file my_file-v4.cif (mmCIF, C-alpha atoms)
data_query
loop_
_atom_site.label_atom_id
_atom_site.label_comp_id
_atom_site.auth_asym_id
_atom_site.auth_seq_id
_atom_site.Cartn_x
_atom_site.Cartn_y
_atom_site.Cartn_z
CA MET A 1 -118.29 -68.64 78.51
CA THR A 2 -117.95 -71.18 81.32
CA THR A 3 -114.64 -72.06 82.92
CA LEU A 4 -112.38 -74.58 81.18
CA SER A 5 -112.12 -76.70 84.32
CA SER A 6 -115.76 -77.68 83.84
CA CYS A 7 -115.08 -78.79 80.24
CA ILE A 8 -111.73 -80.57 80.27
CA SER A 9 -110.29 -83.18 82.60
CA PRO A 10 -107.34 -82.21 84.86
CA ALA A 11 -105.17 -84.56 82.78
CA PHE A 12 -105.36 -82.02 79.94
CA TYR A 13 -104.67 -78.78 81.82
CA GLU A 14 -100.97 -78.74 80.95
CA LEU A 15 -101.64 -79.83 77.37
CA HIS A 16 -104.06 -76.93 76.98
CA LYS A 17 -101.34 -74.52 78.12
CA GLN A 18 -98.86 -76.06 75.68
CA ILE A 19 -101.29 -75.71 72.77
CA LYS A 20 -102.02 -72.14 73.79
CA SER A 21 -98.28 -71.34 73.65
CA GLY A 22 -98.40 -71.85 69.88
CA GLN A 23 -95.18 -73.87 69.65
CA TYR A 24 -96.87 -77.08 68.43
CA HIS A 25 -98.56 -77.80 65.12
CA THR A 26 -99.58 -81.44 65.66
CA ILE A 27 -101.28 -82.82 68.77
CA VAL A 28 -101.64 -86.59 69.19
CA CYS A 29 -104.16 -87.57 71.86
CA LYS A 30 -104.18 -91.29 72.61
CA GLY A 31 -105.58 -93.25 75.52
CA GLY A 32 -108.22 -95.63 76.79
CA ARG A 33 -111.94 -95.47 77.29
CA GLY A 34 -113.25 -92.66 79.43
CA SER A 35 -110.09 -90.58 79.09
CA THR A 36 -112.16 -87.71 77.55
CA LYS A 37 -109.56 -87.10 74.83
CA SER A 38 -112.23 -86.52 72.17
CA SER A 39 -114.04 -84.08 74.45
CA PHE A 40 -110.78 -82.21 74.96
CA VAL A 41 -110.06 -81.98 71.22
CA SER A 42 -113.58 -80.73 70.48
CA VAL A 43 -113.17 -77.94 73.04
CA GLU A 44 -109.78 -76.98 71.60
CA ILE A 45 -111.25 -76.80 68.07
CA ILE A 46 -113.84 -74.27 69.25
CA LEU A 47 -111.26 -72.25 71.18
CA PHE A 48 -108.97 -72.23 68.13
CA LEU A 49 -111.70 -70.72 65.95
CA LEU A 50 -112.52 -68.07 68.55
CA LYS A 51 -108.86 -67.09 68.69
CA HIS A 52 -108.33 -67.06 64.91
CA PRO A 53 -111.30 -65.37 63.17
CA GLN A 54 -109.92 -66.05 59.68
CA CYS A 55 -109.73 -69.79 60.27
CA HIS A 56 -112.17 -72.62 59.59
CA ALA A 57 -111.91 -76.25 60.74
CA ALA A 58 -112.30 -79.64 59.04
CA VAL A 59 -113.09 -82.81 60.97
CA PHE A 60 -112.57 -86.30 59.55
CA ARG A 61 -113.62 -89.87 60.17
CA LYS A 62 -112.61 -92.78 57.97
CA VAL A 63 -116.27 -93.62 57.25
CA GLY A 64 -118.74 -90.83 56.56
CA ASN A 65 -121.82 -92.38 58.17
CA THR A 66 -120.09 -92.32 61.57
CA LEU A 67 -119.74 -88.52 61.60
CA ARG A 68 -123.14 -87.48 62.93
CA ASN A 69 -123.13 -89.58 66.09
CA SER A 70 -119.46 -89.03 66.89
CA VAL A 71 -117.48 -85.89 66.05
CA TYR A 72 -120.51 -83.79 65.02
CA ALA A 73 -122.30 -84.56 68.28
CA GLN A 74 -119.03 -84.11 70.18
CA LEU A 75 -118.56 -80.57 68.85
CA GLN A 76 -122.17 -79.73 69.66
CA TRP A 77 -121.41 -80.85 73.22
CA ALA A 78 -118.28 -78.67 73.34
CA ILE A 79 -120.26 -75.62 72.23
CA GLY A 80 -122.80 -76.21 74.97
CA ALA A 81 -120.15 -76.97 77.59
CA LEU A 82 -118.44 -73.66 76.80
CA GLY A 83 -121.74 -71.80 77.18
CA LEU A 84 -121.83 -70.78 73.50
CA THR A 85 -124.95 -72.58 72.28
CA GLY A 86 -126.71 -69.47 70.97
CA ARG A 87 -123.65 -68.33 69.05
CA PHE A 88 -123.39 -71.31 66.69
CA LYS A 89 -125.70 -72.72 64.04
CA CYS A 90 -125.56 -76.50 63.50
CA THR A 91 -126.99 -78.11 60.36
CA VAL A 92 -127.00 -81.69 59.11
CA SER A 93 -127.59 -81.11 55.39
CA PRO A 94 -125.01 -79.92 54.70
CA MET A 95 -123.29 -81.16 57.87
CA GLU A 96 -121.52 -78.11 59.22
CA ILE A 97 -121.34 -75.82 62.22
CA THR A 98 -121.16 -72.04 61.75
CA TYR A 99 -120.00 -69.42 64.21
CA LEU A 100 -122.63 -66.74 63.66
CA ALA A 101 -120.50 -63.76 64.68
CA THR A 102 -117.90 -64.31 61.95
CA GLY A 103 -119.26 -66.94 59.58
CA GLN A 104 -116.45 -69.37 60.42
CA LYS A 105 -117.33 -72.97 59.66
CA ILE A 106 -116.55 -76.44 60.93
CA LEU A 107 -116.86 -78.91 58.06
CA PHE A 108 -117.19 -82.70 58.33
CA PHE A 109 -115.89 -85.33 55.92
CA GLY A 110 -115.74 -89.10 55.64
CA LEU A 111 -112.66 -90.29 53.79
CA ASP A 112 -114.62 -93.10 52.16
CA LYS A 113 -115.73 -90.30 49.80
CA PRO A 114 -112.59 -88.20 49.34
CA GLU A 115 -114.06 -86.44 46.28
CA LYS A 116 -116.17 -84.31 48.63
CA MET A 117 -113.04 -82.51 49.81
CA LYS A 118 -112.42 -81.25 46.29
CA SER A 119 -115.61 -79.21 46.47
CA ILE A 120 -114.70 -77.30 49.65
CA LYS A 121 -115.82 -73.71 49.30
CA LEU A 122 -115.14 -71.25 52.08
CA PRO A 123 -116.78 -67.82 52.40
CA PHE A 124 -113.40 -66.34 53.39
CA GLY A 125 -110.09 -67.24 55.00
CA TYR A 126 -108.69 -70.77 55.11
CA ILE A 127 -108.87 -74.06 56.98
CA GLY A 128 -106.52 -73.73 59.92
CA ALA A 129 -107.51 -76.68 62.12
CA VAL A 130 -108.06 -80.33 61.19
CA TRP A 131 -109.06 -83.24 63.41
CA PHE A 132 -108.62 -86.93 62.56
CA GLU A 133 -110.78 -88.88 65.02
CA GLU A 134 -110.13 -92.64 65.45
CA ALA A 135 -106.88 -92.04 63.55
CA ASP A 136 -105.81 -95.69 63.74
CA GLN A 137 -108.62 -96.53 61.29
CA TYR A 138 -106.95 -94.59 58.48
CA ALA A 139 -104.69 -96.31 55.94
CA GLY A 140 -101.57 -94.78 57.44
CA GLU A 141 -99.56 -91.61 57.88
CA ALA A 142 -99.49 -91.07 54.10
CA GLU A 143 -103.29 -90.78 54.00
CA ILE A 144 -103.27 -88.29 56.87
CA ARG A 145 -100.54 -86.28 55.16
CA SER A 146 -102.43 -86.25 51.85
CA VAL A 147 -105.56 -84.85 53.51
CA LYS A 148 -103.55 -82.17 55.29
CA GLN A 149 -101.91 -81.15 52.02
CA SER A 150 -105.37 -80.76 50.47
CA THR A 151 -106.88 -78.75 53.31
CA LEU A 152 -104.23 -76.80 55.24
CA ARG A 153 -103.50 -74.15 52.65
CA GLY A 154 -102.87 -70.49 53.33
CA GLY A 155 -102.48 -68.59 56.56
CA GLU A 156 -99.94 -68.74 59.33
CA ASP A 157 -102.01 -70.50 61.99
CA ALA A 158 -102.50 -74.25 61.58
CA LEU A 159 -103.18 -77.03 64.05
CA THR A 160 -103.69 -80.77 63.49
CA PHE A 161 -105.28 -83.13 66.00
CA LEU A 162 -105.14 -86.94 65.89
CA SER A 163 -107.08 -88.90 68.50
CA PHE A 164 -107.35 -92.66 68.91
CA ASN A 165 -107.41 -95.63 71.23
CA PRO A 166 -104.08 -97.41 70.66
CA PRO A 167 -104.55 -100.69 68.75
CA ALA A 168 -103.30 -103.84 70.45
CA ALA A 169 -100.51 -104.39 67.91
CA SER A 170 -97.47 -102.25 68.65
CA ARG A 171 -96.51 -102.26 64.96
CA ASN A 172 -99.77 -100.58 63.95
CA TRP A 173 -98.92 -97.35 62.12
CA ALA A 174 -100.72 -95.16 64.67
CA ASN A 175 -98.71 -96.61 67.57
CA ARG A 176 -95.52 -96.16 65.55
CA TYR A 177 -96.44 -92.57 64.72
CA ALA A 178 -97.04 -91.80 68.39
CA ARG A 179 -93.59 -93.14 69.29
CA GLU A 180 -91.73 -91.15 66.64
CA SER A 181 -90.49 -87.72 67.65
CA GLU A 182 -90.96 -84.77 65.31
CA PRO A 183 -90.41 -81.03 65.81
CA GLY A 184 -93.71 -79.38 66.61
CA LYS A 185 -95.49 -82.65 67.45
CA LEU A 186 -96.79 -83.29 70.96
CA VAL A 187 -98.06 -86.69 72.11
CA HIS A 188 -100.38 -86.98 75.10
CA HIS A 189 -101.64 -90.17 76.76
CA SER A 190 -104.65 -90.21 79.07
CA THR A 191 -106.81 -92.75 80.89
CA TYR A 192 -110.09 -92.76 82.80
CA LEU A 193 -108.10 -92.77 86.05
CA THR A 194 -107.46 -89.03 85.71
CA THR A 195 -111.06 -88.21 84.75
CA PRO A 196 -113.31 -86.95 87.58
CA ARG A 197 -115.30 -89.98 88.72
CA ALA A 198 -118.55 -88.00 88.69
CA TRP A 199 -118.12 -87.45 84.93
CA LEU A 200 -117.94 -91.18 84.28
CA GLY A 201 -120.56 -92.54 86.67
CA SER A 202 -120.51 -95.53 88.99
CA ARG A 203 -121.48 -98.02 86.25
CA PHE A 204 -118.46 -97.11 84.12
CA ILE A 205 -116.09 -97.41 87.09
CA ALA A 206 -117.58 -100.75 88.13
CA ASP A 207 -117.23 -102.18 84.61
CA ALA A 208 -113.61 -101.03 84.40
CA GLU A 209 -112.71 -102.52 87.77
CA HIS A 210 -114.42 -105.81 86.95
CA LEU A 211 -112.40 -106.14 83.75
CA ARG A 212 -109.25 -105.20 85.67
CA ASP A 213 -109.85 -108.02 88.15
CA THR A 214 -110.94 -110.67 85.64
CA LYS A 215 -109.08 -109.91 82.39
CA PRO A 216 -106.14 -107.66 83.20
CA THR A 217 -104.66 -107.67 79.68
CA SER A 218 -107.97 -106.59 78.15
CA TYR A 219 -108.25 -103.95 80.86
CA ARG A 220 -104.82 -102.57 80.05
CA HIS A 221 -105.73 -102.33 76.38
CA GLU A 222 -109.28 -101.01 76.63
CA TYR A 223 -109.11 -98.76 79.68
CA LEU A 224 -105.43 -97.87 80.00
CA GLY A 225 -104.87 -97.55 76.24
CA GLU A 226 -101.81 -99.80 76.16
CA ALA A 227 -100.61 -101.59 73.04
CA VAL A 228 -100.64 -104.98 74.72
CA GLY A 229 -99.93 -106.95 71.54
CA ASN A 230 -101.77 -109.72 69.77
CA GLY A 231 -100.23 -112.54 71.80
CA THR A 232 -97.22 -112.96 69.53
CA GLN A 233 -94.98 -110.24 70.96
CA VAL A 234 -91.66 -111.46 72.32
CA PHE A 235 -91.23 -108.75 74.96
CA ASP A 236 -94.08 -107.69 77.23
CA ASN A 237 -91.84 -105.94 79.76
CA ILE A 238 -90.94 -102.87 77.68
CA ARG A 239 -91.18 -99.41 79.23
CA LEU A 240 -90.68 -96.45 76.91
CA GLU A 241 -89.70 -93.44 78.97
CA THR A 242 -87.13 -90.68 79.15
CA ILE A 243 -83.85 -91.61 80.86
CA SER A 244 -82.34 -88.45 82.27
CA LYS A 245 -78.67 -87.48 82.35
CA LYS A 246 -78.93 -87.59 86.16
CA GLN A 247 -80.03 -91.24 85.99
CA ILE A 248 -77.22 -92.12 83.59
CA ALA A 249 -74.64 -90.48 85.85
CA ALA A 250 -75.84 -92.69 88.71
CA PHE A 251 -75.50 -96.00 86.85
CA ASN A 252 -72.83 -98.22 88.41
CA GLU A 253 -71.81 -100.12 85.31
CA ILE A 254 -72.35 -99.06 81.73
CA VAL A 255 -71.62 -101.47 78.91
CA SER A 256 -72.14 -101.15 75.18
CA GLY A 257 -72.72 -103.62 72.36
CA VAL A 258 -72.36 -103.78 68.58
CA ASP A 259 -74.01 -105.93 65.95
CA TRP A 260 -71.96 -105.83 62.76
CA GLY A 261 -73.65 -104.94 59.52
CA TRP A 262 -73.20 -103.28 56.15
CA TYR A 263 -76.21 -103.32 53.80
CA PRO A 264 -79.13 -103.93 53.78
CA ASP A 265 -78.66 -105.07 57.39
CA PRO A 266 -77.33 -102.11 59.37
CA TRP A 267 -74.50 -101.79 61.83
CA ALA A 268 -76.14 -101.26 65.23
CA PHE A 269 -74.73 -99.86 68.48
CA ASN A 270 -76.36 -99.59 71.93
CA ARG A 271 -75.31 -98.34 75.34
CA THR A 272 -76.93 -99.99 78.36
CA ALA A 273 -76.88 -100.25 82.15
CA TYR A 274 -78.26 -103.05 84.33
CA ASP A 275 -79.80 -102.51 87.76
CA ALA A 276 -79.44 -105.96 89.34
CA ALA A 277 -81.36 -105.04 92.51
CA ARG A 278 -84.45 -104.16 90.48
CA ARG A 279 -83.75 -106.56 87.61
CA THR A 280 -84.13 -103.67 85.20
CA LEU A 281 -82.15 -102.98 82.04
CA TYR A 282 -81.79 -99.41 80.80
CA ILE A 283 -81.07 -98.70 77.12
CA PHE A 284 -80.26 -95.04 76.69
CA ASP A 285 -78.13 -94.60 73.57
CA GLU A 286 -78.01 -95.95 70.03
CA ALA A 287 -76.42 -95.47 66.64
CA THR A 288 -77.36 -97.05 63.31
CA ARG A 289 -75.39 -96.91 60.05
CA ARG A 290 -75.33 -98.58 56.66
CA LYS A 291 -72.39 -98.92 54.28
CA CYS A 292 -69.82 -97.71 56.82
CA ASN A 293 -66.50 -99.51 57.33
CA ASN A 294 -65.08 -100.51 60.71
CA PHE A 295 -62.93 -97.43 61.08
CA GLU A 296 -65.84 -95.11 60.36
CA THR A 297 -68.11 -96.84 62.88
CA ALA A 298 -65.24 -96.91 65.41
CA GLU A 299 -65.16 -93.12 65.33
CA ILE A 300 -68.92 -93.09 65.93
CA VAL A 301 -68.52 -95.41 68.92
CA LYS A 302 -65.82 -93.18 70.43
CA GLN A 303 -68.26 -90.26 70.32
CA HIS A 304 -70.74 -92.24 72.41
CA ILE A 305 -68.66 -94.05 75.06
CA ASP A 306 -66.00 -93.25 77.61
CA ALA A 307 -62.44 -94.37 76.92
CA GLU A 308 -62.40 -96.91 79.78
CA GLU A 309 -65.77 -98.38 78.86
CA ASP A 310 -66.08 -101.95 77.60
CA LEU A 311 -67.76 -102.73 74.32
CA ILE A 312 -68.86 -106.27 73.47
CA ALA A 313 -69.46 -107.16 69.85
CA ASP A 314 -70.59 -110.13 67.78
CA SER A 315 -67.73 -112.65 67.80
CA ALA A 316 -68.62 -113.78 64.26
CA GLU A 317 -66.34 -111.03 62.98
CA THR A 318 -63.06 -111.35 64.85
CA LYS A 319 -61.29 -109.02 62.40
CA SER A 320 -63.84 -106.28 63.05
CA CYS A 321 -63.29 -106.64 66.79
CA ALA A 322 -59.52 -106.39 66.20
CA ASP A 323 -60.01 -103.28 64.07
CA TYR A 324 -61.85 -101.65 66.96
CA ARG A 325 -59.05 -102.50 69.39
CA GLU A 326 -56.59 -101.01 66.89
CA CYS A 327 -58.65 -97.82 67.08
CA GLY A 328 -58.30 -97.71 70.88
CA ILE A 329 -61.69 -99.17 71.83
CA ARG A 330 -61.87 -101.79 74.60
CA CYS A 331 -63.70 -104.23 72.31
CA PHE A 332 -64.32 -107.84 73.38
CA GLU A 333 -65.89 -110.71 71.45
CA ALA A 334 -69.21 -111.93 72.84
CA SER A 335 -69.20 -115.46 74.18
CA LYS A 336 -71.70 -117.54 72.21
CA PRO A 337 -72.09 -121.00 73.76
CA PRO A 338 -74.70 -123.42 72.40
CA HIS A 339 -78.27 -122.09 72.66
CA SER A 340 -76.96 -118.64 73.58
CA VAL A 341 -79.66 -116.84 71.55
CA LYS A 342 -82.43 -118.65 73.41
CA GLN A 343 -80.67 -118.13 76.74
CA SER A 344 -80.11 -114.41 76.26
CA MET A 345 -83.63 -113.80 74.96
CA LYS A 346 -85.12 -115.69 77.89
CA TRP A 347 -83.05 -113.53 80.24
CA LEU A 348 -84.29 -110.34 78.59
CA GLN A 349 -87.89 -111.56 78.71
CA GLY A 350 -87.57 -112.42 82.39
CA LEU A 351 -86.44 -108.97 83.49
CA THR A 352 -88.82 -106.86 85.52
CA ALA A 353 -88.46 -104.14 82.89
CA ILE A 354 -86.49 -103.11 79.83
CA VAL A 355 -86.54 -99.32 79.92
CA ILE A 356 -85.82 -97.65 76.57
CA ASP A 357 -85.59 -93.93 75.94
CA PRO A 358 -87.73 -93.65 72.77
CA LYS A 359 -86.48 -90.20 71.78
CA ILE A 360 -82.81 -91.14 71.89
CA CYS A 361 -83.23 -94.80 70.91
CA LEU A 362 -85.97 -94.65 68.30
CA GLU A 363 -84.81 -97.68 66.29
CA THR A 364 -84.23 -99.74 69.42
CA ALA A 365 -87.67 -98.89 70.80
CA LYS A 366 -89.23 -99.88 67.48
CA GLU A 367 -87.42 -103.23 67.32
CA PHE A 368 -88.18 -104.27 70.90
CA SER A 369 -91.80 -103.12 70.73
CA GLU A 370 -92.57 -104.79 67.41
CA TYR A 371 -90.54 -107.98 67.69
CA GLU A 372 -92.86 -110.99 67.43
CA TYR A 373 -92.61 -114.76 67.45
CA GLU A 374 -92.67 -116.57 64.16
CA THR A 375 -96.07 -117.99 63.24
CA ALA A 376 -97.10 -120.92 61.04
CA LYS A 377 -99.45 -120.54 58.08
CA ASP A 378 -102.40 -121.48 60.28
CA GLY A 379 -101.49 -118.73 62.75
CA GLU A 380 -99.99 -121.05 65.37
CA VAL A 381 -97.27 -119.29 67.34
CA LEU A 382 -93.89 -121.01 67.02
CA GLN A 383 -91.10 -120.80 69.55
CA ALA A 384 -88.56 -119.67 66.99
CA PHE A 385 -87.21 -116.12 67.12
CA VAL A 386 -87.36 -114.40 63.74
CA ASP A 387 -83.88 -113.42 62.54
CA ALA A 388 -84.96 -110.12 60.99
CA ASP A 389 -85.41 -106.54 62.21
CA ASN A 390 -83.50 -107.41 65.39
CA HIS A 391 -80.16 -105.63 64.94
CA HIS A 392 -80.40 -103.47 68.06
CA ILE A 393 -81.84 -106.40 69.99
CA ASP A 394 -78.67 -108.31 69.08
CA ALA A 395 -76.48 -105.34 70.04
CA VAL A 396 -78.19 -105.31 73.46
CA ARG A 397 -77.72 -109.08 73.81
CA TYR A 398 -74.00 -108.65 73.16
CA ALA A 399 -73.73 -105.67 75.51
CA THR A 400 -75.25 -107.73 78.34
CA ASN A 401 -73.38 -110.92 77.38
CA ARG A 402 -71.36 -111.16 80.59
CA ILE A 403 -74.47 -110.52 82.71
CA TRP A 404 -76.84 -113.17 81.37
CA LEU A 405 -74.02 -115.76 81.30
CA ARG A 406 -73.51 -115.43 85.05
CA VAL A 407 -74.94 -118.21 87.18
CA GLY A 408 -77.91 -116.94 89.17
CA THR A 409 -78.89 -114.06 86.95
#

call {"tool": "encode", "arguments": {"input": "my_file-v4.cif", "output": "structure tokens"}}
result
Amino acid sequence: MTTLSSCISPAFYELHKQIKSGQYHTIVCKGGRGSTKSSFVSVEIILFLLKHPQCHAAVFRKVGNTLRNSVYAQLQWAIGALGLTGRFKCTVSPMEITYLATGQKILFFGLDKPEKMKSIKLPFGYIGAVWFEEADQYAGEAEIRSVKQSTLRGGEDALTFLSFNPPAASRNWANRYARESEPGKLVHHSTYLTTPRAWLGSRFIADAEHLRDTKPTSYRHEYLGEAVGNGTQVFDNIRLETISKKQIAAFNEIVSGVDWGWYPDPWAFNRTAYDAARRTLYIFDEATRRKCNNFETAEIVKQHIDAEEDLIADSAETKSCADYRECGIRCFEASKPPHSVKQSMKWLQGLTAIVIDPKICLETAKEFSEYEYETAKDGEVLQAFVDADNHHIDAVRYATNRIWLRVGT
């Protein structure tokens, strides 16, 4: 068998080691064109079967007639790249690949004909690996879960792969799924920039660079695999990345905010820090509750902030602010002059970056990433900000109230 370095891009070396450790059951590979994510998954499927002789694999596309020229051909490539061509038998009718030494099979299914899965017959063992290629084309996480429940039965070893190019819309289910943390799930993002240039060829590189220079947004979506939005997103300066404890300890001024709520609208809390020199806002803590009174949420706040820290809350509920002060929290009402919503949103939009820790601030990351302008029935984008699904956005606006009200900021 040839060396792995000749089969997988350097961007996937560490991911290969993590999969090999056995601590993950779901691998999400997302990225742009030329990132070789599908090539990587096909190699890992073969390696998984070699390591687990009782396991078979099932590979899925949303539409069955796309199988032969995509995942089937991709797995044939992986077999050849690993130097194992003579050890596998590949047939089209039925479409399957068999490892001759053990009889293990790789089966292929299009989910436009789900009844075919009901007739799965294995010579022995169980399906231990499944791959959902172009995962964003599926109906949603529920469809993926249903297929897994029908196929991953029996045995201790199981591995699920999802691969896709992120859709433009941040609210697409696949983009959401990639943002959500889950024990045993590992998300990997790759681009052509980490693929050896010789693998891609000069024509591919030239096309990518031309698009970069002429249509940078399209380039970011197609080649960098970014969810750039459909033109209606309110914030295009979001960065989702881990904010370390070391970074937090170095922040000069930390301020928190609260948006009052009960049900169905939640109470929302956020902790933030602003780097004026870099015009960057960091959001590194959150809490969300429903049907909790002021004294219950006050106890939650005290678990998240230091005693000398200021908290700024929506001034629409002066009694709630007073309740917090009664509980020992330095709570101040937000100043809300005329047009303050528009002013604060414009300030947030004008920042160099809004950095959100997606693991700690899952709800906040979701709100900021998916918040869109209101549109008319004909699709025309209106300037109005939708007053829905923006509770943490409001909490952040209140937290930074004193900052965006300053002249010159």

call {"tool": "residues_around", "arguments": {"input": "my_file-v4.cif", "residues": "segment 361-376 of chain A", "least_positions_apart": "6", "cutoff": "6 Å", "atoms": "only C-alpha atoms", "output": "PyMOL selection string"}}
result
chain A and resi 170-171+232-234+285-286+382+384-386+392

call {"tool": "resolve_selection", "arguments": {"input": "my_file-v4.cif", "expression": "the PyMOL selection byres ((chain A and resi 326-330) around 12)", "output": "PDB file with C-alpha atoms, keeping the file's coordinate frame"}}
result
ATOM      1  CA  VAL A 255     -71.620-101.470  78.910  1.00  0.00           C
ATOM      2  CA  SER A 256     -72.140-101.150  75.180  1.00  0.00           C
ATOM      3  CA  GLY A 257     -72.720-103.620  72.360  1.00  0.00           C
ATOM      4  CA  ASN A 294     -65.080-100.510  60.710  1.00  0.00           C
ATOM      5  CA  PHE A 295     -62.930 -97.430  61.080  1.00  0.00           C
ATOM      6  CA  GLU A 296     -65.840 -95.110  60.360  1.00  0.00           C
ATOM      7  CA  THR A 297     -68.110 -96.840  62.880  1.00  0.00           C
ATOM      8  CA  ALA A 298     -65.240 -96.910  65.410  1.00  0.00           C
ATOM      9  CA  GLU A 299     -65.160 -93.120  65.330  1.00  0.00           C
ATOM     10  CA  ILE A 300     -68.920 -93.090  65.930  1.00  0.00           C
ATOM     11  CA  VAL A 301     -68.520 -95.410  68.920  1.00  0.00           C
ATOM     12  CA  LYS A 302     -65.820 -93.180  70.430  1.00  0.00           C
ATOM     13  CA  GLN A 303     -68.260 -90.260  70.320  1.00  0.00           C
ATOM     14  CA  HIS A 304     -70.740 -92.240  72.410  1.00  0.00           C
ATOM     15  CA  ILE A 305     -68.660 -94.050  75.060  1.00  0.00           C
ATOM     16  CA  ASP A 306     -66.000 -93.250  77.610  1.00  0.00           C
ATOM     17  CA  ALA A 307     -62.440 -94.370  76.920  1.00  0.00           C
ATOM     18  CA  GLU A 308     -62.400 -96.910  79.780  1.00  0.00           C
ATOM     19  CA  GLU A 309     -65.770 -98.380  78.860  1.00  0.00           C
ATOM     20  CA  ASP A 310     -66.080-101.950  77.600  1.00  0.00           C
ATOM     21  CA  LEU A 311     -67.760-102.730  74.320  1.00  0.00           C
ATOM     22  CA  ILE A 312     -68.860-106.270  73.470  1.00  0.00           C
ATOM     23  CA  ALA A 313     -69.460-107.160  69.850  1.00  0.00           C
ATOM     24  CA  LYS A 319     -61.290-109.020  62.400  1.00  0.00           C
ATOM     25  CA  SER A 320     -63.840-106.280  63.050  1.00  0.00           C
ATOM     26  CA  CYS A 321     -63.290-106.640  66.790  1.00  0.00           C
ATOM     27  CA  ALA A 322     -59.520-106.390  66.200  1.00  0.00           C
ATOM     28  CA  ASP A 323     -60.010-103.280  64.070  1.00  0.00           C
ATOM     29  CA  TYR A 324     -61.850-101.650  66.960  1.00  0.00           C
ATOM     30  CA  ARG A 325     -59.050-102.500  69.390  1.00  0.00           C
ATOM     31  CA  CYS A 331     -63.700-104.230  72.310  1.00  0.00           C
ATOM     32  CA  PHE A 332     -64.320-107.840  73.380  1.00  0.00           C
ATOM     33  CA  GLU A 333     -65.890-110.710  71.450  1.00  0.00           C
TER      34      GLU A 333
END

call {"tool": "residues_around", "arguments": {"input": "my_file-v4.cif", "residues": "Ala198 of chain A", "least_positions_apart": "6", "cutoff": "12 Å", "atoms": "only C-alpha atoms", "output": "list in words"}}
result
Ser6, Ser9, Gly34, Tyr192, Phe204 and Ile205 of chain A

call {"tool": "write_last_selection", "arguments": {"input": "my_file-v4.cif", "atoms": "C-alpha atoms", "output": "mmCIF file, in the frame of the given file"}}
result
data_model
loop_
_atom_site.group_PDB
_atom_site.id
_atom_site.type_symbol
_atom_site.label_atom_id
_atom_site.label_comp_id
_atom_site.auth_asym_id
_atom_site.auth_seq_id
_atom_site.Cartn_x
_atom_site.Cartn_y
_atom_site.Cartn_z
ATOM 1 C CA SER A 6 -115.760 -77.680 83.840
ATOM 2 C CA SER A 9 -110.290 -83.180 82.600
ATOM 3 C CA GLY A 34 -113.250 -92.660 79.430
ATOM 4 C CA TYR A 192 -110.090 -92.760 82.800
ATOM 5 C CA PHE A 204 -118.460 -97.110 84.120
ATOM 6 C CA ILE A 205 -116.090 -97.410 87.090
#

call {"tool": "resolve_selection", "arguments": {"input": "my_file-v4.cif", "expression": "the PyMOL selection byres ((chain A and resi 222) around 9)", "output": "list in words"}}
result
Gly31, Gly32, Arg33, Asn165, Pro166, Ala208, Thr217, Ser218, Tyr219, Arg220, His221, Tyr223, Leu224, Gly225 and Glu226 of chain A

call {"tool": "atom_distance", "arguments": {"input": "my_file-v4.cif", "atom1": "atom CA of Ile356 of chain A", "atom2": "atom CA of Phe269 of chain A"}}
result
13.9 Å

call {"tool": "closest_residue", "arguments": {"input": "my_file-v4.cif", "among": "A:Ile45, A:Arg176, A:Gln349, A:Asn293", "to": "Asp236 of chain A", "atoms": "all atoms listed in the file"}}
result
A:Gln349

call {"tool": "residues_near_point", "arguments": {"input": "my_file-v4.cif", "point": "(-109.9, -76.2, 62.6)", "cutoff": "6 Å", "atoms": "all atoms listed in the file", "output": "PyMOL selection string"}}
result
chain A and resi 45+56-58+128-130

call {"tool": "resolve_selection", "arguments": {"input": "my_file-v4.cif", "expression": "the PyMOL selection byres ((chain A and resi 189) around 8)", "output": "PyMOL selection string"}}
result
chain A and resi 29-31+187-188+190-191

call {"tool": "atom_distance", "arguments": {"input": "my_file-v4.cif", "atom1": "atom CA of Pro123 of chain A", "atom2": "atom CA of Lys105 of chain A"}}
result
8.9 Å

call {"tool": "atom_distance", "arguments": {"input": "my_file-v4.cif", "atom1": "atom CA of Tyr177 of chain A", "atom2": "atom CA of Ile283 of chain A"}}
result
20.7 Å

call {"tool": "closest_residue", "arguments": {"input": "my_file-v4.cif", "among": "A:Glu209, A:Glu180, A:Glu317, A:Asp387", "to": "Lys359 of chain A", "atoms": "only C-alpha atoms"}}
result
A:Glu180

call {"tool": "closest_residue", "arguments": {"input": "my_file-v4.cif", "among": "A:Val28, A:Val258, A:Ala135, A:Leu84", "to": "Lys185 of chain A", "atoms": "only C-alpha atoms"}}
result
A:Val28

call {"tool": "residues_near_point", "arguments": {"input": "my_file-v4.cif", "point": "(-104.5, -75.1, 74.9)", "cutoff": "10 Å", "atoms": "all atoms listed in the file", "output": "list in words"}}
result
Phe12, Tyr13, Glu14, Leu15, His16, Lys17, Gln18, Ile19, Lys20, Ser21, Gly22, Phe40, Val41, Val43, Glu44, Ile45, Leu47 and Phe48 of chain A

call {"tool": "closest_residue", "arguments": {"input": "my_file-v4.cif", "among": "A:His52, A:Arg279, A:Arg197, A:Arg203", "to": "Pro10 of chain A", "atoms": "all atoms listed in the file"}}
result
A:Arg197

call {"tool": "decode", "arguments": {"input": "my_file-v4.cif", "residues": "segment 242-249 of chain A", "atoms": "C-alpha atoms", "output": "short mmCIF file (atom, residue, chain, number, x, y, z; two decimals), in the first residue's frame"}}
result
data_model
loop_
_atom_site.label_atom_id
_atom_site.label_comp_id
_atom_site.auth_asym_id
_atom_site.auth_seq_id
_atom_site.Cartn_x
_atom_site.Cartn_y
_atom_site.Cartn_z
CA THR A 242 -12.45 30.03 20.02
CA ILE A 243 -11.69 32.79 22.53
CA SER A 244 -9.19 31.44 25.03
CA LYS A 245 -9.08 32.09 28.77
CA LYS A 246 -5.71 33.78 28.17
CA GLN A 247 -7.35 36.24 25.76
CA ILE A 248 -10.17 36.95 28.20
CA ALA A 249 -7.71 37.61 31.02
#
